[in-house]
>>> print(open('target29.csv').read())   # CSV, C-alpha atoms
chain,number,residue,atom,x,y,z
A,1429,MET,CA,87.3,-252.7,159.6
A,1430,LEU,CA,84.1,-252.3,157.6
A,1431,LEU,CA,82.0,-252.4,160.8
A,1432,LYS,CA,83.5,-249.0,161.7
A,1433,TYR,CA,81.3,-247.4,159.1
A,1434,ARG,CA,78.2,-249.0,160.3
A,1435,LYS,CA,79.0,-247.7,163.8
A,1436,VAL,CA,79.5,-244.2,162.4
A,1437,MET,CA,76.1,-244.4,160.6
A,1438,LYS,CA,74.4,-245.8,163.7
A,1439,LYS,CA,75.8,-243.1,165.9
A,1440,LEU,CA,74.8,-240.4,163.4
A,1441,LYS,CA,71.2,-241.7,163.1
A,1442,GLU,CA,70.8,-242.0,166.9
A,1443,SER,CA,72.1,-238.5,167.6
A,1444,ASN,CA,69.8,-237.1,164.9
A,1445,ARG,CA,66.8,-238.9,166.3
A,1446,LEU,CA,67.5,-237.5,169.8
A,1447,ARG,CA,68.2,-234.0,168.6
A,1448,LEU,CA,65.1,-233.9,166.4
A,1449,HIS,CA,63.0,-234.8,169.4
A,1450,GLU,CA,64.0,-231.5,171.0
A,1451,VAL,CA,63.2,-229.3,167.9
A,1452,ASN,CA,60.1,-227.1,168.3
A,1453,GLY,CA,56.9,-228.4,166.8
A,1454,GLU,CA,56.6,-226.4,163.5
A,1455,ASP,CA,60.2,-226.9,162.5
A,1456,LYS,CA,60.1,-230.6,163.5
A,1457,LYS,CA,57.2,-231.0,161.2
A,1458,MET,CA,59.0,-229.2,158.4
A,1459,ILE,CA,62.1,-231.4,158.8
A,1460,LYS,CA,60.0,-234.5,158.8
A,1461,ASN,CA,58.4,-233.4,155.6
A,1462,VAL,CA,61.8,-232.7,154.0
A,1463,MET,CA,63.0,-236.2,155.0
A,1464,LYS,CA,59.8,-237.8,153.7
A,1465,SER,CA,60.3,-236.1,150.3
A,1466,LEU,CA,64.0,-236.9,150.1
A,1467,GLY,CA,63.3,-240.7,149.8
A,1468,VAL,CA,65.7,-243.6,149.7
A,1469,PHE,CA,65.6,-243.7,145.8
A,1470,ARG,CA,66.7,-240.0,145.5
A,1471,ILE,CA,69.5,-239.7,147.9
A,1472,ASN,CA,71.9,-242.1,149.7
A,1473,SER,CA,71.5,-242.8,153.4
A,1474,PHE,CA,74.6,-241.0,154.6
A,1475,ASP,CA,73.9,-237.7,152.7
A,1476,ALA,CA,70.3,-237.8,153.9
A,1477,GLN,CA,71.5,-238.1,157.5
A,1478,ILE,CA,74.0,-235.2,157.0
A,1479,ILE,CA,71.2,-233.0,155.6
A,1480,LEU,CA,69.0,-234.0,158.5
A,1481,LYS,CA,71.8,-233.0,161.0
A,1482,ASP,CA,72.3,-229.7,159.2
A,1483,LEU,CA,68.6,-228.9,159.2
A,1484,ILE,CA,68.3,-229.7,162.9
A,1485,GLY,CA,71.4,-227.5,163.5
A,1486,MET,CA,69.7,-224.6,161.6
A,1487,ALA,CA,66.5,-225.1,163.4
A,1488,GLU,CA,68.3,-225.0,166.8
A,1489,GLU,CA,70.2,-221.9,165.9
A,1490,MET,CA,67.1,-220.2,164.5
A,1491,GLU,CA,65.2,-220.9,167.7
A,1492,LEU,CA,67.9,-219.2,169.7
A,1493,ARG,CA,67.6,-216.2,167.4
A,1494,ASP,CA,63.8,-216.1,167.7
A,1495,SER,CA,63.3,-217.1,164.2
A,1496,SER,CA,62.4,-220.5,162.6
A,1497,LEU,CA,63.5,-222.9,160.0
A,1498,LYS,CA,60.2,-222.5,158.3
A,1499,GLU,CA,60.9,-218.8,157.7
A,1500,GLU,CA,64.3,-219.6,156.4
A,1501,ILE,CA,63.2,-222.2,153.9
A,1502,GLY,CA,60.0,-220.6,152.8
A,1503,GLU,CA,56.8,-222.2,151.5
A,1504,ASP,CA,58.1,-224.0,148.4
A,1505,LEU,CA,59.1,-227.3,150.1
A,1506,THR,CA,59.0,-229.4,146.9
A,1507,GLY,CA,61.4,-227.0,145.1
A,1508,TYR,CA,63.6,-226.9,148.2
A,1509,VAL,CA,63.9,-230.7,148.4
A,1510,SER,CA,64.6,-230.9,144.6
A,1511,GLU,CA,67.5,-228.5,145.1
A,1512,LEU,CA,68.8,-230.5,148.0
A,1513,VAL,CA,68.6,-233.7,145.9
A,1514,GLU,CA,70.2,-232.0,142.9
A,1515,ASN,CA,73.1,-230.7,145.0
A,1516,SER,CA,73.7,-233.9,147.0
A,1517,ARG,CA,75.5,-237.0,145.7
A,1518,GLY,CA,72.2,-238.6,144.9
A,1519,SER,CA,71.3,-242.2,145.5
A,1520,TYR,CA,74.0,-244.9,145.4
A,1521,PHE,CA,73.0,-248.0,143.4
A,1522,PRO,CA,75.4,-250.5,145.3
A,1523,GLU,CA,73.9,-249.4,148.6
A,1524,LEU,CA,70.3,-249.7,147.3
A,1525,SER,CA,70.9,-253.1,145.7
A,1526,ALA,CA,72.9,-254.6,148.6
A,1527,ASP,CA,70.2,-253.4,151.0
A,1528,LEU,CA,67.4,-255.0,148.9
A,1529,ILE,CA,69.3,-258.3,148.5
A,1530,LYS,CA,70.1,-258.3,152.2
A,1531,ASN,CA,66.5,-258.0,153.3
A,1532,VAL,CA,65.0,-260.3,150.7
A,1533,SER,CA,67.6,-263.1,151.2
A,1534,PHE,CA,67.2,-262.9,155.0
A,1535,ILE,CA,63.5,-263.6,154.9
A,1536,LEU,CA,64.0,-266.3,152.2
A,1537,PHE,CA,66.6,-267.9,154.4
A,1538,ILE,CA,64.2,-268.0,157.3
A,1539,VAL,CA,61.3,-269.3,155.2
A,1540,THR,CA,63.4,-272.1,153.5
A,1541,ALA,CA,65.0,-273.0,156.8
A,1542,VAL,CA,61.6,-273.3,158.5
A,1543,PHE,CA,60.1,-275.2,155.5
A,1544,SER,CA,62.9,-277.7,155.4
A,1545,THR,CA,62.7,-278.2,159.2
A,1546,LEU,CA,58.9,-278.8,159.0
A,1547,SER,CA,59.2,-281.2,156.1
A,1548,PRO,CA,58.6,-284.9,156.9
A,1549,ALA,CA,62.0,-286.6,157.6
A,1550,GLY,CA,63.9,-287.4,154.5
A,1551,ASN,CA,61.8,-285.2,152.2
A,1552,ARG,CA,63.1,-281.6,152.1
A,1553,GLU,CA,61.9,-281.1,148.5
A,1554,GLY,CA,59.4,-278.5,147.6
A,1555,PRO,CA,58.1,-276.6,144.6
A,1556,LEU,CA,60.5,-274.2,143.1
A,1557,LEU,CA,57.6,-272.1,141.9
A,1558,LEU,CA,56.8,-271.3,145.5
A,1559,ILE,CA,60.2,-269.8,146.1
A,1560,ILE,CA,60.0,-267.8,142.8
A,1561,LEU,CA,56.7,-266.5,144.0
A,1562,TYR,CA,58.1,-265.5,147.4
A,1563,THR,CA,61.1,-263.9,145.8
A,1564,PHE,CA,58.9,-261.8,143.6
A,1565,ALA,CA,56.5,-260.8,146.4
A,1566,LEU,CA,59.3,-260.1,148.8
A,1567,THR,CA,61.2,-257.9,146.3
A,1568,LEU,CA,58.1,-255.8,145.6
A,1569,GLY,CA,57.2,-255.6,149.3
A,1570,GLU,CA,60.8,-254.6,150.2
A,1571,LEU,CA,60.9,-251.9,147.5
A,1572,TYR,CA,57.7,-250.5,148.9
A,1573,ARG,CA,59.0,-250.8,152.5
A,1574,GLY,CA,62.2,-249.0,151.4
A,1575,LYS,CA,60.2,-246.2,149.9
A,1576,LEU,CA,58.1,-245.9,153.1
A,1577,ALA,CA,61.1,-246.2,155.5
A,1578,THR,CA,62.3,-242.7,154.9
A,1579,ALA,CA,58.8,-241.3,155.3
A,1580,TYR,CA,58.6,-242.8,158.7
A,1581,TYR,CA,62.3,-242.5,159.7
A,1582,ALA,CA,61.8,-239.4,161.7
A,1583,GLU,CA,58.8,-240.7,163.5
A,1584,GLU,CA,59.0,-241.9,167.1
A,1585,GLY,CA,58.2,-245.2,168.9
A,1586,VAL,CA,55.9,-247.7,167.2
A,1587,ARG,CA,55.1,-245.3,164.3
A,1588,ARG,CA,58.7,-245.7,163.1
A,1589,ARG,CA,58.0,-249.4,162.7
A,1590,ILE,CA,54.9,-248.9,160.4
A,1591,PRO,CA,56.8,-249.8,157.2
A,1592,ASP,CA,58.0,-253.1,158.7
A,1593,MET,CA,54.5,-253.9,160.0
A,1594,ILE,CA,53.0,-253.2,156.5
A,1595,LEU,CA,55.6,-255.5,154.9
A,1596,PHE,CA,54.9,-258.2,157.5
A,1597,GLY,CA,51.2,-257.8,157.1
A,1598,PHE,CA,51.6,-258.2,153.3
A,1599,LEU,CA,54.0,-261.1,153.4
A,1600,ALA,CA,52.6,-263.2,156.2
A,1601,PRO,CA,49.5,-264.2,154.3
A,1602,VAL,CA,51.5,-264.9,151.1
A,1603,VAL,CA,53.9,-267.2,153.0
A,1604,PHE,CA,51.0,-268.9,154.9
A,1605,TRP,CA,49.1,-269.4,151.7
A,1606,GLY,CA,52.1,-270.9,150.0
A,1607,TYR,CA,52.7,-273.3,152.8
A,1608,ARG,CA,49.0,-274.2,153.3
A,1609,TYR,CA,48.4,-274.8,149.6
A,1610,GLU,CA,51.8,-276.3,148.7
A,1611,HIS,CA,50.1,-279.1,146.9
A,1612,ALA,CA,48.2,-276.7,144.6
A,1613,VAL,CA,51.4,-274.9,143.9
A,1614,GLU,CA,53.0,-278.3,143.2
A,1615,GLN,CA,50.4,-279.1,140.6
A,1616,LEU,CA,50.9,-275.7,139.0
A,1617,SER,CA,54.6,-276.1,138.9
A,1618,GLU,CA,54.9,-279.5,137.3
A,1619,ASN,CA,57.1,-278.1,134.5
A,1620,VAL,CA,59.2,-276.0,136.9
A,1621,GLY,CA,60.1,-278.9,139.2
A,1622,GLU,CA,61.1,-279.2,142.8
A,1623,VAL,CA,64.0,-278.0,144.8
A,1624,ASN,CA,65.7,-279.0,148.1
A,1625,TYR,CA,64.8,-276.3,150.6
A,1626,LEU,CA,67.7,-277.1,152.8
A,1627,ILE,CA,70.1,-276.4,150.0
A,1628,LEU,CA,68.2,-273.2,149.3
A,1629,ALA,CA,68.4,-272.2,152.9
A,1630,VAL,CA,72.2,-272.5,152.8
A,1631,LEU,CA,72.3,-270.6,149.5
A,1632,PHE,CA,70.1,-267.8,150.9
A,1633,GLY,CA,72.2,-267.7,154.0
A,1634,GLY,CA,75.3,-267.2,151.9
A,1635,LEU,CA,73.6,-264.6,149.8
A,1636,TYR,CA,72.5,-262.7,153.0
A,1637,PHE,CA,76.1,-262.8,154.4
A,1638,SER,CA,77.5,-261.5,151.1
A,1639,SER,CA,75.0,-258.7,150.8
A,1640,VAL,CA,75.7,-257.7,154.4
A,1641,ILE,CA,79.4,-257.3,153.4
A,1642,GLY,CA,78.3,-255.5,150.2
A,1643,HIS,CA,76.2,-253.1,152.2
A,1644,LEU,CA,79.0,-252.4,154.6
A,1645,TRP,CA,81.3,-251.8,151.6
A,1646,ALA,CA,78.8,-249.4,150.1
A,1647,LEU,CA,78.6,-247.5,153.4
A,1648,LYS,CA,82.4,-247.3,153.4
A,1649,GLN,CA,82.4,-245.7,149.9
A,1650,LEU,CA,79.8,-243.1,151.1
A,1651,ILE,CA,81.4,-242.3,154.5
A,1652,GLU,CA,85.2,-242.7,154.0
A,1653,GLY,CA,86.9,-239.3,154.4
A,1654,ARG,CA,83.6,-237.7,155.8
A,1655,GLU,CA,83.6,-239.4,159.2
A,1656,HIS,CA,84.2,-236.0,160.8
A,1657,LEU,CA,80.8,-234.8,159.6
A,1658,ALA,CA,78.9,-237.6,161.4
B,1145,MET,CA,47.3,-203.1,131.7
B,1146,GLN,CA,48.7,-205.1,134.7
B,1147,TYR,CA,51.9,-207.1,134.4
B,1148,LYS,CA,52.2,-210.4,136.2
B,1149,VAL,CA,55.2,-210.5,138.5
B,1150,GLY,CA,57.7,-213.2,137.4
B,1151,VAL,CA,56.4,-213.2,133.8
B,1152,SER,CA,57.0,-209.8,132.4
B,1153,MET,CA,59.1,-208.3,135.2
B,1154,TYR,CA,62.8,-209.3,135.4
B,1155,ASP,CA,63.4,-212.2,137.7
B,1156,ARG,CA,66.2,-211.0,140.0
B,1157,ARG,CA,66.7,-214.5,141.4
B,1158,GLN,CA,67.8,-215.8,138.0
B,1159,LEU,CA,70.3,-213.0,137.7
B,1160,LEU,CA,71.7,-213.8,141.1
B,1161,LYS,CA,71.8,-217.6,140.8
B,1162,GLY,CA,75.3,-217.9,139.4
B,1163,THR,CA,76.8,-214.9,141.1
B,1164,LEU,CA,75.8,-215.9,144.6
B,1165,GLU,CA,78.0,-218.9,144.3
B,1166,GLY,CA,81.0,-216.8,143.6
B,1167,CYS,CA,80.1,-214.3,146.4
B,1168,ILE,CA,79.9,-217.1,148.9
B,1169,LEU,CA,83.3,-218.5,147.8
B,1170,LYS,CA,84.7,-214.9,148.3
B,1171,ILE,CA,83.2,-214.7,151.8
B,1172,ILE,CA,84.5,-218.1,152.8
B,1173,GLU,CA,88.0,-217.2,151.4
B,1174,ALA,CA,88.4,-214.5,153.9
B,1175,GLU,CA,88.0,-216.9,156.9
B,1176,GLU,CA,86.5,-220.1,157.9
B,1177,THR,CA,82.8,-219.3,158.6
B,1178,TYR,CA,79.3,-220.8,159.1
B,1179,GLY,CA,75.9,-220.5,157.4
B,1180,TYR,CA,74.4,-217.8,159.5
B,1181,GLU,CA,77.5,-215.6,159.3
B,1182,ILE,CA,77.6,-216.0,155.5
B,1183,VAL,CA,74.0,-214.9,155.3
B,1184,SER,CA,74.6,-211.9,157.6
B,1185,ARG,CA,77.5,-210.8,155.4
B,1186,LEU,CA,75.5,-211.3,152.2
B,1187,ARG,CA,72.7,-209.2,153.7
B,1188,ARG,CA,75.2,-206.5,154.8
B,1189,PHE,CA,76.5,-206.3,151.2
B,1190,GLY,CA,73.0,-205.9,149.8
B,1191,PHE,CA,71.6,-209.3,149.3
B,1192,GLU,CA,68.6,-208.6,151.6
B,1193,ASP,CA,66.7,-211.7,150.5
B,1194,ALA,CA,69.5,-214.1,151.5
B,1195,LYS,CA,68.4,-216.7,154.0
B,1196,GLU,CA,70.3,-219.5,155.7
B,1197,GLY,CA,67.8,-222.1,154.4
B,1198,THR,CA,68.2,-221.0,150.8
B,1199,ILE,CA,72.0,-220.8,150.7
B,1200,TYR,CA,72.3,-224.3,152.2
B,1201,PRO,CA,71.7,-226.0,148.9
B,1202,ILE,CA,74.4,-223.8,147.3
B,1203,LEU,CA,76.8,-224.8,150.1
B,1204,LEU,CA,76.0,-228.4,149.5
B,1205,ARG,CA,76.7,-227.9,145.8
B,1206,LEU,CA,80.1,-226.2,146.5
B,1207,GLU,CA,81.0,-229.0,148.9
B,1208,LYS,CA,80.0,-231.7,146.3
B,1209,LYS,CA,82.3,-230.0,143.8
B,1210,ASP,CA,85.1,-230.0,146.4
B,1211,LEU,CA,85.3,-226.2,146.3
B,1212,ILE,CA,84.7,-225.9,150.0
B,1213,SER,CA,85.1,-228.4,152.9
B,1214,SER,CA,83.3,-228.4,156.2
B,1215,SER,CA,83.6,-229.5,159.9
B,1216,TYR,CA,81.4,-229.1,163.0
B,1217,LYS,CA,82.7,-226.9,165.8
B,1218,ALA,CA,81.2,-225.8,169.1
B,1219,SER,CA,79.5,-222.4,169.1
B,1220,PRO,CA,79.0,-219.9,171.9
B,1221,LEU,CA,75.2,-220.2,171.4
B,1222,GLY,CA,75.2,-223.9,172.3
B,1223,PRO,CA,74.6,-226.2,169.3
B,1224,LYS,CA,77.5,-227.2,167.2
B,1225,ARG,CA,77.9,-225.2,164.0
B,1226,LYS,CA,79.0,-226.4,160.6
B,1227,TYR,CA,82.0,-224.3,159.5
B,1228,TYR,CA,83.1,-224.0,155.9
B,1229,ARG,CA,86.5,-223.3,154.5
B,1230,LEU,CA,87.8,-222.9,150.9
B,1231,THR,CA,89.8,-225.7,149.3
B,1232,THR,CA,92.6,-225.2,146.8
B,1233,GLY,CA,90.2,-226.0,144.0
B,1234,GLY,CA,87.8,-223.5,145.4
B,1235,GLY,CA,90.5,-220.8,145.4
B,1236,GLU,CA,91.2,-221.5,141.7
B,1237,VAL,CA,87.5,-221.3,140.8
B,1238,LEU,CA,87.1,-218.1,142.8
B,1239,LEU,CA,89.9,-216.5,140.8
B,1240,ASN,CA,88.3,-217.7,137.6
B,1241,PHE,CA,84.9,-216.3,138.8
B,1242,VAL,CA,86.4,-212.8,139.5
B,1243,GLU,CA,88.0,-212.7,136.1
B,1244,ASN,CA,84.9,-213.8,134.3
B,1245,TRP,CA,82.7,-211.5,136.4
B,1246,ASN,CA,84.8,-208.4,135.6
B,1247,GLN,CA,84.6,-209.2,131.9
B,1248,VAL,CA,80.8,-209.7,131.9
B,1249,LYS,CA,80.3,-206.6,134.1
B,1250,ASP,CA,82.4,-204.4,131.7
B,1251,THR,CA,80.5,-205.8,128.7
B,1252,VAL,CA,77.0,-205.4,130.3
B,1253,ASP,CA,78.0,-201.8,131.5
B,1254,THR,CA,79.1,-200.9,128.0
B,1255,ILE,CA,75.9,-202.2,126.5
B,1256,LEU,CA,73.7,-200.5,129.1
B,1257,LYS,CA,75.5,-197.1,128.6
B,1258,GLY,CA,74.9,-197.4,124.8
B,1259,ASP,CA,78.6,-196.9,124.0
B,1260,LYS,CA,80.0,-198.4,120.8
>>> encode(input="target29.csv", output="C-alpha cells")
Amino acid sequence: MLLKYRKVMKKLKESNRLRLHEVNGEDKKMIKNVMKSLGVFRINSFDAQIILKDLIGMAEEMELRDSSLKEEIGEDLTGYVSELVENSRGSYFPELSADLIKNVSFILFIVTAVFSTLSPAGNREGPLLLIILYTFALTLGELYRGKLATAYYAEEGVRRRIPDMILFGFLAPVVFWGYRYEHAVEQLSENVGEVNYLILAVLFGGLYFSSVIGHLWALKQLIEGREHLA
Amino acid sequence: MQYKVGVSMYDRRQLLKGTLEGCILKIIEAEETYGYEIVSRLRRFGFEDAKEGTIYPILLRLEKKDLISSSYKASPLGPKRKYYRLTTGGGEVLLNFVENWNQVKDTVDTILKGDK
C-alpha cells in the first residue's frame, strides 16, 4: 500500500529528469540553479519535484512561443526561490528525519555486520565508543550529503553521484581508521565499555527497516490526494 | 535633485501585491485555465508587467491555501499544461475580496478627491 507512493515519486523524478534533458541550455541552467537553491531543508521532496515539473512545463511552452523561462523569471533568482519556498508547504520534518535515520542505520548495519563477521570466532565484542564515533561522523556526513543532493539532483550521469562519492570518500577513511586502530579506541573507551556487534547489527537492521516504513509513511502524507499532479 | 527609483517613487509592485491575488481568482472563476492564459488576460486588462514566472508563486500560494486546485491536461502546443480551477473556498474568498476591494477603493477615491 505504502509502496504506491514511492512508485509515484520515482515516476515523477524519472519523468522530470528526462524532460529536463530536452530543455534548452539557458533555461536548463536556470532550472538547475532554482533546484540547487531550493535545498532539501527548505522544501519537501514532493513539492520540489512538482515545482521542477512546472518550471520544465513553463520552459517548454516559452520555447514554443519564442520566449524563455529566464525572461519570465527575471534576474532576481534568490528572491524568486524565496517566494517559491514561502508559498510551498516547506520541508517536512518526518520525511527529513526518516531519511536521515534510514541512511545512517543502513551504513551502521553494514559496518557492524562486517565487523562481527571479521571478529575471531566467539568474540564479537567491540568498543562502543567506535560505534558512537561512527554514528556521529555518519550523521554529519549524511546531513552534508542531503544538502548537496538537491544541488546535484538535476545533473546527469556520474555528476549526479558526486554527493554519494563525497560521503563515501569521507566515511571510508573513518571506518578504516576505526577498524585498524580498534585497540587504541578500546584503550580510550575503557569507561564506555564494549558491545556485541552482532546484536548491534540486528538492532541497526531493525532501525533501518522501521525508518524505511517511516519514510514511506512521510511520502504518503505528502502525496496523498495529489497523485494526479505527479 | 535626482530621486532614486524604488526609494522616493511609489513602488507599484507593493500596491499590486495583494490585489493581483484577487484578480487571478476572478480570472480562474470564469473558467478553468492555465498560467500563460492567466498572464495574457492580466496583460489585456492592463497589468503589462505580468509574467508567467512571476505569477507562479502566487498560484502556488493560492493552491496551498486550497483556494484553487490544479491538474495537468494535454495542450494543442504539445507539452501538458497545468490547469487551475476555483475551489468552493476560493469562491468565498473571491466574494470577500470583491467586497473589501470596493470598500477600500471608495475610501481611497474619497480621500484622493479631497471630499469630506
>>> residues_around(input="target29.csv", residues="Leu1568 in chain A", least_positions_apart="3", cutoff="12 Å", atoms="only C-alpha atoms", output="number ranges by chain")
A: 1528-1529, 1531-1532, 1561-1565, 1571-1575, 1595, 1598-1599
>>> closest_atom_pairs(input="target29.csv", of="chain B", to="chain A", cutoff="8 Å", atoms="all atoms listed in the file", output="JSON lines")
{"residue": "B:Lys1195", "atom": "CA", "partner": "A:Glu1500", "partner_atom": "CA", "distance": 5.6}
{"residue": "B:Glu1196", "atom": "CA", "partner": "A:Glu1500", "partner_atom": "CA", "distance": 6.0}
{"residue": "B:Gly1197", "atom": "CA", "partner": "A:Ile1501", "partner_atom": "CA", "distance": 4.6}
{"residue": "B:Thr1198", "atom": "CA", "partner": "A:Ile1501", "partner_atom": "CA", "distance": 6.0}
{"residue": "B:Pro1201", "atom": "CA", "partner": "A:Leu1512", "partner_atom": "CA", "distance": 5.4}
{"residue": "B:Ile1202", "atom": "CA", "partner": "A:Asn1515", "partner_atom": "CA", "distance": 7.4}
{"residue": "B:Leu1204", "atom": "CA", "partner": "A:Asn1515", "partner_atom": "CA", "distance": 5.8}
{"residue": "B:Arg1205", "atom": "CA", "partner": "A:Asn1515", "partner_atom": "CA", "distance": 4.6}
{"residue": "B:Lys1208", "atom": "CA", "partner": "A:Ser1516", "partner_atom": "CA", "distance": 6.7}
{"residue": "B:Ser1214", "atom": "CA", "partner": "A:Leu1657", "partner_atom": "CA", "distance": 7.7}
{"residue": "B:Ser1215", "atom": "CA", "partner": "A:Leu1657", "partner_atom": "CA", "distance": 6.0}
{"residue": "B:Tyr1216", "atom": "CA", "partner": "A:Leu1657", "partner_atom": "CA", "distance": 6.7}
{"residue": "B:Leu1221", "atom": "CA", "partner": "A:Leu1492", "partner_atom": "CA", "distance": 7.6}
{"residue": "B:Pro1223", "atom": "CA", "partner": "A:Gly1485", "partner_atom": "CA", "distance": 6.8}
{"residue": "B:Lys1224", "atom": "CA", "partner": "A:Gly1485", "partner_atom": "CA", "distance": 7.1}
{"residue": "B:Arg1225", "atom": "CA", "partner": "A:Gly1485", "partner_atom": "CA", "distance": 6.9}
{"residue": "B:Lys1226", "atom": "CA", "partner": "A:Asp1482", "partner_atom": "CA", "distance": 7.6}
>>> residues_near_point(input="target29.csv", point="(77.8, -257.0, 155.9)", cutoff="10 Å", atoms="all atoms listed in the file", output="PDB file with C-alpha atoms, in the coordinates of the input")
ATOM      1  CA  LEU A1430      84.100-252.300 157.600  1.00  0.00           C
ATOM      2  CA  LEU A1431      82.000-252.400 160.800  1.00  0.00           C
ATOM      3  CA  ARG A1434      78.200-249.000 160.300  1.00  0.00           C
ATOM      4  CA  ALA A1526      72.900-254.600 148.600  1.00  0.00           C
ATOM      5  CA  ASP A1527      70.200-253.400 151.000  1.00  0.00           C
ATOM      6  CA  LYS A1530      70.100-258.300 152.200  1.00  0.00           C
ATOM      7  CA  TYR A1636      72.500-262.700 153.000  1.00  0.00           C
ATOM      8  CA  PHE A1637      76.100-262.800 154.400  1.00  0.00           C
ATOM      9  CA  SER A1638      77.500-261.500 151.100  1.00  0.00           C
ATOM     10  CA  SER A1639      75.000-258.700 150.800  1.00  0.00           C
ATOM     11  CA  VAL A1640      75.700-257.700 154.400  1.00  0.00           C
ATOM     12  CA  ILE A1641      79.400-257.300 153.400  1.00  0.00           C
ATOM     13  CA  GLY A1642      78.300-255.500 150.200  1.00  0.00           C
ATOM     14  CA  HIS A1643      76.200-253.100 152.200  1.00  0.00           C
ATOM     15  CA  LEU A1644      79.000-252.400 154.600  1.00  0.00           C
ATOM     16  CA  TRP A1645      81.300-251.800 151.600  1.00  0.00           C
ATOM     17  CA  ALA A1646      78.800-249.400 150.100  1.00  0.00           C
ATOM     18  CA  LEU A1647      78.600-247.500 153.400  1.00  0.00           C
TER      19      LEU A1647
END
>>> closest_residue(input="target29.csv", among="A:Glu1652, A:Leu1505, A:Val1539, A:Asn1624", to="Arg1552 in chain A", atoms="all atoms listed in the file")
A:Asn1624
>>> atom_distance(input="target29.csv", atom1="CA of Thr1506 in chain A", atom2="CA of Asp1193 in chain B")
19.6 Å
>>> atom_distance(input="target29.csv", atom1="CA of Ser1495 in chain A", atom2="CA of Asn1452 in chain A")
11.3 Å
>>> residues_around(input="target29.csv", residues="Ser1184 in chain B", least_positions_apart="4", cutoff="12 Å", atoms="only C-alpha atoms", output="PyMOL selection string")
chain B and resi 1168+1171+1177-1180+1188-1196+1199
>>> residues_around(input="target29.csv", residues="Ala1476 in chain A", least_positions_apart="4", cutoff="9 Å", atoms="all atoms listed in the file", output="ChimeraX atom specification")
/A:1463,1466-1468,1471-1472,1480-1481,1516
>>> write_last_selection(input="target29.csv", atoms="C-alpha atoms", output="JSON list (two decimals), in the coordinates of the input")
[["chain", "number", "residue", "atom", "x", "y", "z"],
["A", 1463, "MET", "CA", 63.00, -236.20, 155.00],
["A", 1466, "LEU", "CA", 64.00, -236.90, 150.10],
["A", 1467, "GLY", "CA", 63.30, -240.70, 149.80],
["A", 1468, "VAL", "CA", 65.70, -243.60, 149.70],
["A", 1471, "ILE", "CA", 69.50, -239.70, 147.90],
["A", 1472, "ASN", "CA", 71.90, -242.10, 149.70],
["A", 1480, "LEU", "CA", 69.00, -234.00, 158.50],
["A", 1481, "LYS", "CA", 71.80, -233.00, 161.00],
["A", 1516, "SER", "CA", 73.70, -233.90, 147.00]]
>>> closest_residue(input="target29.csv", among="B:Gly1258, B:Val1242, B:Ala1218, B:Gly1234", to="Leu1169 in chain B", atoms="all atoms listed in the file")
B:Gly1234
>>> atom_distance(input="target29.csv", atom1="CA of Val1462 in chain A", atom2="CA of Asp1475 in chain A")
13.2 Å
>>> closest_residue(input="target29.csv", among="A:Phe1469, A:Phe1474, A:Gly1507, A:Gly1453", to="Gln1649 in chain A", atoms="only C-alpha atoms")
A:Phe1474
>>> build_atoms(input="target29.csv", residues="range 1165-1174 of chain B", atoms="N, CA, C and O atoms", output="PDB file, keeping the file's coordinate frame")
ATOM      1  N   GLU B1165      76.993-217.887 144.100  1.00  0.00           N
ATOM      2  CA  GLU B1165      78.000-218.900 144.300  1.00  0.00           C
ATOM      3  C   GLU B1165      79.386-218.324 144.475  1.00  0.00           C
ATOM      4  O   GLU B1165      80.121-218.633 145.406  1.00  0.00           O
ATOM      5  N   GLY B1166      79.717-217.428 143.557  1.00  0.00           N
ATOM      6  CA  GLY B1166      81.000-216.800 143.600  1.00  0.00           C
ATOM      7  C   GLY B1166      81.161-215.884 144.821  1.00  0.00           C
ATOM      8  O   GLY B1166      82.234-215.834 145.448  1.00  0.00           O
ATOM      9  N   CYS B1167      80.074-215.188 145.187  1.00  0.00           N
ATOM     10  CA  CYS B1167      80.100-214.300 146.400  1.00  0.00           C
ATOM     11  C   CYS B1167      80.341-215.128 147.646  1.00  0.00           C
ATOM     12  O   CYS B1167      81.086-214.719 148.544  1.00  0.00           O
ATOM     13  N   ILE B1168      79.694-216.273 147.716  1.00  0.00           N
ATOM     14  CA  ILE B1168      79.900-217.100 148.900  1.00  0.00           C
ATOM     15  C   ILE B1168      81.304-217.632 148.983  1.00  0.00           C
ATOM     16  O   ILE B1168      81.920-217.639 150.053  1.00  0.00           O
ATOM     17  N   LEU B1169      81.868-218.011 147.838  1.00  0.00           N
ATOM     18  CA  LEU B1169      83.300-218.500 147.800  1.00  0.00           C
ATOM     19  C   LEU B1169      84.178-217.331 148.345  1.00  0.00           C
ATOM     20  O   LEU B1169      85.106-217.573 149.116  1.00  0.00           O
ATOM     21  N   LYS B1170      83.880-216.102 147.922  1.00  0.00           N
ATOM     22  CA  LYS B1170      84.700-214.900 148.300  1.00  0.00           C
ATOM     23  C   LYS B1170      84.601-214.741 149.864  1.00  0.00           C
ATOM     24  O   LYS B1170      85.605-214.476 150.529  1.00  0.00           O
ATOM     25  N   ILE B1171      83.386-214.869 150.400  1.00  0.00           N
ATOM     26  CA  ILE B1171      83.200-214.700 151.800  1.00  0.00           C
ATOM     27  C   ILE B1171      83.955-215.763 152.621  1.00  0.00           C
ATOM     28  O   ILE B1171      84.618-215.483 153.619  1.00  0.00           O
ATOM     29  N   ILE B1172      83.860-216.985 152.111  1.00  0.00           N
ATOM     30  CA  ILE B1172      84.500-218.100 152.800  1.00  0.00           C
ATOM     31  C   ILE B1172      86.055-217.978 152.675  1.00  0.00           C
ATOM     32  O   ILE B1172      86.793-218.401 153.563  1.00  0.00           O
ATOM     33  N   GLU B1173      86.501-217.374 151.573  1.00  0.00           N
ATOM     34  CA  GLU B1173      88.000-217.200 151.400  1.00  0.00           C
ATOM     35  C   GLU B1173      88.590-216.425 152.490  1.00  0.00           C
ATOM     36  O   GLU B1173      89.689-216.739 152.972  1.00  0.00           O
ATOM     37  N   ALA B1174      87.873-215.389 152.919  1.00  0.00           N
ATOM     38  CA  ALA B1174      88.400-214.500 153.900  1.00  0.00           C
ATOM     39  C   ALA B1174      88.714-215.227 155.236  1.00  0.00           C
ATOM     40  O   ALA B1174      89.751-215.014 155.870  1.00  0.00           O
TER      41      ALA B1174
END
